[in-house]
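The structure under discussion appears below in the form of structure tokens.
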There are 4 protein chains.
Amino acid sequence: MRKVDPAKFEDKRDRILQAAGRCFQRAGFRGASIGDICAEAGISPGHLYHYFASKEVIIEAMTEFALEKTNLRFEKLLAKPDILKAFLEEIENRALHCEERPPELLMEVRAEATRNPVVAAILHRWWDGLRHLFTAFVREGQERGQVDKNLDPDITAAILVNAIESAANLSLKDPKFDQQKGADMLKILVTRFLKAE
Amino acid sequence: MRKVDPAKFEDKRDRILQAAGRCFQRAGFRGASIGDICAEAGISPGHLYHYFASKEVIIEAMTEFALEKTNLRFEKLLAKPDILKAFLEEIENRALHCEERPPELLMEVRAEATRNPVVAAILHRWWDGLRHLFTAFVREGQERGQVDKNLDPDITAAILVNAIESAANLSLKDPKFDQQKGADMLKILVTRFLKAE
Amino acid sequence: MRKVDPAKFEDKRDRILQAAGRCFQRAGFRGASIGDICAEAGISPGHLYHYFASKEVIIEAMTEFALEKTNLRFEKLLAKPDILKAFLEEIENRALHCEERPPELLMEVRAEATRNPVVAAILHRWWDGLRHLFTAFVREGQERGQVDKNLDPDITAAILVNAIESAANLSLKDPKFDQQKGADMLKILVTRFLKAE
Amino acid sequence: MRKVDPAKFEDKRDRILQAAGRCFQRAGFRGASIGDICAEAGISPGHLYHYFASKEVIIEAMTEFALEKTNLRFEKLLAKPDILKAFLEEIENRALHCEERPPELLMEVRAEATRNPVVAAILHRWWDGLRHLFTAFVREGQERGQVDKNLDPDITAAILVNAIESAANLSLKDPKFDQQKGADMLKILVTRFLKAE
DNA sequence: CATGAATGAGCTTTCATTCAT
DNA sequence: CATGAATGAAAGCTCATTCAT
């Protein structure tokens with residue numbers, strides 16, 4: 001009486017999700033068909049529905065997965081001794097290791113969020129988490145005297161994270177954009193914007 | 001055999017494009033069907049192909065149209081006596097009159113540009129124009145002593161426009177985001193970032 | 001500016017419905033596929049949906065059509081001078097011209113009505129009409145002194161029509177059943193059942 | 001290697017069949033899937049195929065099972081002293097204990113018999129048995145002087161059983177039909193139809 | 001100019017069935 | 001005995017596009 005092995009199940013689910021990710025990156029959520037995903041994952045269409053109830057569910061799981069990746073690194077920020085310096089280093093890191101967070105998928109997620117309430121909810125929840133993290137960062141910076149005390153932490157965090165986040169997409173607008181120079185400029189922007197006094 | 005009246009032709013094309021715009025906003029480029037667009041425009045499918053050779057062409061025209069709207073206002077900037085002040089006012093305007101430049105459509109365009117070379121080319125060309133405009137703006141500001149002379153005009157322009165541009169999408173991430181406060185914060189950011197000395 | 005010709009439209013719809021009828025007779029409502037119906041009608045799958053919004057709608061239209069045929073002949077009954085005699089003749093007619101009302105389709109309708117509320121509603125409405133017709137017939141017979149006055153017209157009509165109706169399906173249970181002899185026996189049954197005194 | 005216990009095997013088969021019956025009643029032979037039946041029976045699809053070689057076989061077994069139920073009670077009829085009275089009582093019983101012989105399942109069987117030769121054969125065999133039983137009943141009635149000697153026993157039996165059998169389905173045509181009144185009327189019909197002299 | 005009939009490939013999803021464990 | 005992973009054909013339906021009128 002062999003029971004289902006949850007670990008194996010999750011594993012397979014993940015592999016399918018990764019295949020779906022590659023297809024979505026190539027063709028978008030609507031442009032990639034279940035058939036494409038099955039071919040990429042090396043399974044039959046019928047079998048895919050053992051793991052995902054519908055294409056919708058795959059898109060939602062994909063959204064969750066794509067966003068999850070983007071804020072893992074920020075979480076350790078607050079523990080650092082000089083948080084402003086750590087933050088600037090993080091900006092640099094993000095610019096240079098862009099391939100881990102495919103901007104194509106994020107664009108797809110944002111476009112989808114525009115009209116898909118479930119995806120929108122996931123995006124909102126993620127953004128909430130990220131914003132809170134940064135609000136805490138700004139507050140901490142203010143307490144340590146590194147950040148201007150007159151700035152509203154919440155709005156500051158939103159504007160700032162947005163500016164950094166979207167800088168990653170600059171190469172979509174201009175393929176020749178130099179991410180290294182962009183990161184340097186961003187660091188200047190952040191430094192001047194937040195500077196105490 | 002009557003001749004086609006080019007003005008009338010353009011007029012009709014525009015009306016169809018506007019109908020398509022409403023559909024695309026609702027359902028995305030792939031989610032809106034030719035049938036939907038025809039229904040919205042009040043014409044028959046056969047007739048639509050009189051004005052557009054394919055759905056691809058509609059998407060391309062739509063992209064052109066959507067981007068075109070977003071930079072009309074910037075063009076007059078350089079003529080103003082105090083360009084920095086004019087720029088800050090423009091930021092405010094953009095935040096408050098968001099409905100003219102539907103962020104849904106822009107998200108769609110960006111996602112599409114990810115995988116559609118023609119749309120990508122349109123986006124790149126548009127971004128090039130915008131960036132040049134702003135590079136000129138930064139240079140002018142530097143010459144007039146309003147902007148820090150040490151900033152590279154090109155990169156500065158890219159980072160700056162991107163930050164402003166993408167701030168319009170903040171309400172997609174957080175429906176409760178206060179655009180007025182966001183605009184105020186953006187103005188602080190721009191002022192401090194560019195400030196001479 | 002050619003407008004849609006409603007007559008042509010109805011005509012085509014009818015032809016598709018007849019093709020569907022043949023398929024349903026062969027394979028049942030669920031066993032006949034849209035593809036089968038299209039092949040039988042000589043059209044493409046996409047085109048069928050110009051005329052019917054879904055397979056459900058085809059089944060409903062089919063139900064309406066199948067039932068409609070069965071009660072056309074009864075309607076003239078009440079106008080006859082000797083209605084009992086006319087009724088008995090009608091029983092005979094029904095037995096011998098069974099091919100016009102394919103029992104396969106009626107079985108399918110009844111089975112479908114078991115779990116499809118829309119089809120059930122159509123069946124109920126049709127039965128209501130038929131029962132009313134026969135209740136009137138029984139009453140008229142009672143007034144003319146040909147039918148026993150003690151019989152409740154409503155229940156009598158229901159039991160009677162049901163017995164006649166379902167006799168048509170006897171050949172499904174027994175392929176060798178002699179419909180002529182069955183009709184003769186039914187006539188005896190009706191005569192004795194209804195007889196005044 | 002253990003041996004299969006035939007009793008246990010039959011038991012399990014029956015339990016699956018009963019689960020299938022509930023599914024078929026809800027959704028019809030074609031509408032109920034193997035998956036539904038497995039869920040209802042609480043077993044896995046692989047296991048089901050241990051007991052039934054195919055869905056076809058389940059349908060055939062179901063048919064057998066559904067028909068079997070309907071004639072159990074008639075068999076004791078001939079042993080009664082006053083068989084006509086016993087018959088009338090049986091009519092009443094059938095009308096009031098309809099839930100034992102679900103008309104949904106019988107409709108399904110009849111519709112299926114229309115196009116499935118195996119199911120048709122089962123139905124024919126069952127009907128043959130039932131008809132013979134009733135032919136014997138009519139003959140016995142004639143010998144005892146309770147039934148008109150001029151009626152052909154075979155045809156009489158067919159028409160009569162059919163009328164009673166199908167009366168059970170009247171509530172499918174008219175959900176508000178009063179089965180008690182229907183049974184009373186059926187008894188009048190039978191009495192008058194068969195009456196000697 | 002304008003219509004809508006017509007196409008056919010392709011979509012997501014379901015389902016009876018098989019098989020390794 | 002029993003599981004559930006896996007298959008692949010087929011289902012109902014959509015949609016961009018063409019074309020006769």
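Identifiers in this document derive from the order of the structure tokens: chains are assigned A, B, ..., residues are numbered from 1 separately in each chain, and ligands are numbered from 1 in order of occurrence.
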Residues within 8 Å of region 41-56 of chain D, only C-alpha atoms (C1' of nucleotides), excluding chain neighbours under 5 positions, as a VMD selection string: (chain D and resid 9 13 15 to 16 19 to 20 34 to 35) or (chain E and resid 16) or (chain F and resid 2 to 4)
Select all residues from chain E having any atom no more than 9 Å from an atom of chain D (counting only C-alpha atoms (C1' of nucleotides), ignoring ligands), output as an mmCIF file with N, CA and C atoms (P, O5', C5', C4', C3', O3' and C1' of nucleotides), in the first residue's frame.
```
data_model
loop_
_atom_site.group_PDB
_atom_site.id
_atom_site.type_symbol
_atom_site.label_atom_id
_atom_site.label_comp_id
_atom_site.auth_asym_id
_atom_site.auth_seq_id
_atom_site.Cartn_x
_atom_site.Cartn_y
_atom_site.Cartn_z
ATOM 1 P P DC E 15 -14.246 14.105 -17.195
ATOM 2 O "O5'" DC E 15 -13.806 12.722 -17.807
ATOM 3 C "C5'" DC E 15 -13.717 12.608 -19.222
ATOM 4 C "C4'" DC E 15 -12.969 11.353 -19.582
ATOM 5 C "C3'" DC E 15 -12.902 10.328 -18.445
ATOM 6 O "O3'" DC E 15 -13.250 9.076 -18.949
ATOM 7 C "C1'" DC E 15 -10.740 10.759 -19.298
ATOM 8 P P DA E 16 -13.955 8.021 -18.041
ATOM 9 O "O5'" DA E 16 -13.422 6.685 -18.733
ATOM 10 C "C5'" DA E 16 -13.633 6.517 -20.123
ATOM 11 C "C4'" DA E 16 -12.521 5.696 -20.728
ATOM 12 C "C3'" DA E 16 -12.285 4.341 -20.060
ATOM 13 O "O3'" DA E 16 -11.981 3.399 -21.084
ATOM 14 C "C1'" DA E 16 -10.300 5.644 -19.921
ATOM 15 P P DT E 17 -11.861 1.903 -20.653
ATOM 16 O "O5'" DT E 17 -10.300 1.751 -20.433
ATOM 17 C "C5'" DT E 17 -9.412 2.146 -21.491
ATOM 18 C "C4'" DT E 17 -7.994 2.198 -20.996
ATOM 19 C "C3'" DT E 17 -7.513 0.986 -20.189
ATOM 20 O "O3'" DT E 17 -6.580 0.290 -21.003
ATOM 21 C "C1'" DT E 17 -6.655 3.023 -19.345
ATOM 22 P P DT E 18 -5.935 -1.063 -20.524
ATOM 23 O "O5'" DT E 18 -4.457 -0.623 -20.106
ATOM 24 C "C5'" DT E 18 -3.690 0.149 -21.017
ATOM 25 C "C4'" DT E 18 -2.345 0.478 -20.385
ATOM 26 C "C3'" DT E 18 -1.631 -0.704 -19.731
ATOM 27 O "O3'" DT E 18 -0.273 -0.639 -20.151
ATOM 28 C "C1'" DT E 18 -1.812 1.064 -18.183
ATOM 29 P P DC E 19 0.688 -1.881 -19.985
ATOM 30 O "O5'" DC E 19 1.647 -1.418 -18.807
ATOM 31 C "C5'" DC E 19 2.120 -0.062 -18.779
ATOM 32 C "C4'" DC E 19 2.795 0.205 -17.454
ATOM 33 C "C3'" DC E 19 3.396 -1.035 -16.783
ATOM 34 O "O3'" DC E 19 4.642 -0.669 -16.230
ATOM 35 C "C1'" DC E 19 1.951 0.041 -15.291
#
```
Non-local contacts of Gln18 (chain D) (12 Å; only C-alpha atoms (C1' of nucleotides); under 2 positions in same chain excluded) as an mmCIF file with N, CA and C atoms, in the first residue's frame:
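Once everything was written out, this is selection_13.cif:
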```
data_model
loop_
_atom_site.group_PDB
_atom_site.id
_atom_site.type_symbol
_atom_site.label_atom_id
_atom_site.label_comp_id
_atom_site.auth_asym_id
_atom_site.auth_seq_id
_atom_site.Cartn_x
_atom_site.Cartn_y
_atom_site.Cartn_z
ATOM 1 N N ASP D 11 -17.906 -9.198 -2.941
ATOM 2 C CA ASP D 11 -18.360 -8.153 -2.042
ATOM 3 C C ASP D 11 -17.833 -6.795 -2.477
ATOM 4 N N LYS D 12 -16.549 -6.761 -2.733
ATOM 5 C CA LYS D 12 -15.920 -5.506 -3.155
ATOM 6 C C LYS D 12 -16.492 -5.037 -4.494
ATOM 7 N N ARG D 13 -16.647 -6.000 -5.402
ATOM 8 C CA ARG D 13 -17.234 -5.686 -6.705
ATOM 9 C C ARG D 13 -18.597 -5.024 -6.532
ATOM 10 N N ASP D 14 -19.379 -5.585 -5.628
ATOM 11 C CA ASP D 14 -20.706 -5.030 -5.372
ATOM 12 C C ASP D 14 -20.623 -3.617 -4.820
ATOM 13 N N ARG D 15 -19.697 -3.423 -3.920
ATOM 14 C CA ARG D 15 -19.581 -2.087 -3.331
ATOM 15 C C ARG D 15 -19.185 -1.057 -4.382
ATOM 16 N N ILE D 16 -18.301 -1.460 -5.282
ATOM 17 C CA ILE D 16 -17.916 -0.552 -6.376
ATOM 18 C C ILE D 16 -19.121 -0.288 -7.271
ATOM 19 N N ALA D 20 -20.809 3.138 -8.292
ATOM 20 C CA ALA D 20 -21.033 3.492 -9.697
ATOM 21 C C ALA D 20 -22.491 3.866 -9.914
ATOM 22 N N GLY D 21 -23.378 3.109 -9.286
ATOM 23 C CA GLY D 21 -24.811 3.386 -9.421
ATOM 24 C C GLY D 21 -25.140 4.805 -8.986
ATOM 25 N N ARG D 22 -24.585 5.209 -7.846
ATOM 26 C CA ARG D 22 -24.859 6.569 -7.379
ATOM 27 C C ARG D 22 -24.314 7.609 -8.363
ATOM 28 N N CYS D 23 -23.148 7.342 -8.907
ATOM 29 C CA CYS D 23 -22.574 8.286 -9.885
ATOM 30 C C CYS D 23 -23.408 8.336 -11.161
ATOM 31 N N PHE D 24 -23.782 7.159 -11.639
ATOM 32 C CA PHE D 24 -24.568 7.095 -12.873
ATOM 33 C C PHE D 24 -25.914 7.794 -12.695
ATOM 34 N N GLN D 25 -26.466 7.641 -11.509
ATOM 35 C CA GLN D 25 -27.741 8.285 -11.243
ATOM 36 C C GLN D 25 -27.606 9.800 -11.335
ATOM 37 N N ILE D 37 -16.255 7.553 -10.014
ATOM 38 C CA ILE D 37 -16.644 6.285 -9.393
ATOM 39 C C ILE D 37 -15.606 5.884 -8.344
ATOM 40 N N CYS D 38 -14.339 6.046 -8.682
ATOM 41 C CA CYS D 38 -13.272 5.706 -7.730
ATOM 42 C C CYS D 38 -13.388 6.550 -6.468
ATOM 43 N N GLU D 40 -16.039 8.003 -5.292
ATOM 44 C CA GLU D 40 -17.253 7.584 -4.562
ATOM 45 C C GLU D 40 -17.022 6.256 -3.834
ATOM 46 N N ALA D 41 -16.254 5.366 -4.481
ATOM 47 C CA ALA D 41 -16.009 4.055 -3.870
ATOM 48 C C ALA D 41 -14.817 4.083 -2.914
ATOM 49 N N GLY D 42 -14.078 5.179 -2.958
ATOM 50 C CA GLY D 42 -12.923 5.302 -2.074
ATOM 51 C C GLY D 42 -11.758 4.396 -2.453
ATOM 52 N N ILE D 58 -18.578 -2.176 -16.511
ATOM 53 C CA ILE D 58 -19.315 -1.613 -15.367
ATOM 54 C C ILE D 58 -20.733 -1.267 -15.794
ATOM 55 N N ILE D 59 -20.831 -0.635 -16.959
ATOM 56 C CA ILE D 59 -22.160 -0.249 -17.450
ATOM 57 C C ILE D 59 -23.027 -1.485 -17.643
ATOM 58 N N ALA D 61 -22.708 -4.414 -16.142
ATOM 59 C CA ALA D 61 -23.065 -4.973 -14.832
ATOM 60 C C ALA D 61 -24.145 -4.133 -14.163
ATOM 61 N N MET D 62 -23.992 -2.813 -14.328
ATOM 62 C CA MET D 62 -24.968 -1.879 -13.761
ATOM 63 C C MET D 62 -26.350 -2.125 -14.349
ATOM 64 N N THR D 63 -26.385 -2.314 -15.649
ATOM 65 C CA THR D 63 -27.645 -2.571 -16.338
ATOM 66 C C THR D 63 -28.305 -3.820 -15.755
ATOM 67 N N PHE D 65 -27.820 -5.174 -12.917
ATOM 68 C CA PHE D 65 -28.173 -4.888 -11.534
ATOM 69 C C PHE D 65 -29.457 -4.050 -11.439
ATOM 70 N N ALA D 66 -29.546 -3.013 -12.299
ATOM 71 C CA ALA D 66 -30.698 -2.115 -12.230
ATOM 72 C C ALA D 66 -31.979 -2.829 -12.629
ATOM 73 N N LEU D 105 -31.819 5.726 -13.426
ATOM 74 C CA LEU D 105 -30.956 4.665 -13.903
ATOM 75 C C LEU D 105 -31.635 3.878 -15.030
#
```
I'd like the contact shell of Phe74 (chain C) - 12 Å cut-off, only C-alpha atoms (C1' of nucleotides), skipping same-chain residues fewer than 3 positions apart - returned as number ranges by chain. C: 68-71, 77-80, 83, 86-91, 93-94, 129-134, 136-137, 161, 165
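The list of residues with at least one atom within 12 Å of Ile188 (chain A), based on only C-alpha atoms (C1' of nucleotides) and without residues fewer than 6 positions apart in the same chain, reads Lys85, Leu88, Ile91, Glu92, Lys181, Gly182, Leu194 and Lys195 of chain A; Asp148, Asn150, Leu151, Asp152, Ile155, Thr156, Ile159, Leu160, Leu189, Val190, Arg192, Phe193, Leu194 and Lys195 of chain B.
Across the structure, CA of Gly31 (chain A) and C1' of DT17 (chain F) are spaced 18.4 Å apart.
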Provide as a PyMOL selection string the residues of chain A at most 7 Å from chain B, counting only C-alpha atoms. chain A and resi 26-27+30+104+107-108+110-111+114-115+123-124+127+155-156+159+162-163+166-167+172-174+182+185+189+192-193
Separation of CA of Gln180 (chain B) from CA of Gln146 (chain B) in Å: 24.8 Å
With DSSP run on the backbone, what are the helix (DSSP H, G or I) residues within region 49-159 of chain D? I'd like them as a VMD selection string. chain D and resid 49 to 51 55 to 71 73 to 79 83 to 96 98 to 100 103 to 113 117 to 143 153 to 159
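You will find CA of Gln142 (chain A) at 25.0 Å from CA of Lys176 (chain B).
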Using only C-alpha atoms (C1' of nucleotides), select each residue of chain F with any atom at most 12 Å away from an atom of chain A, and give the selection as a list in words. DC1, DA2, DT3, DG4, DA5, DA6, DT7, DG8, DA9 and DA10 of chain F
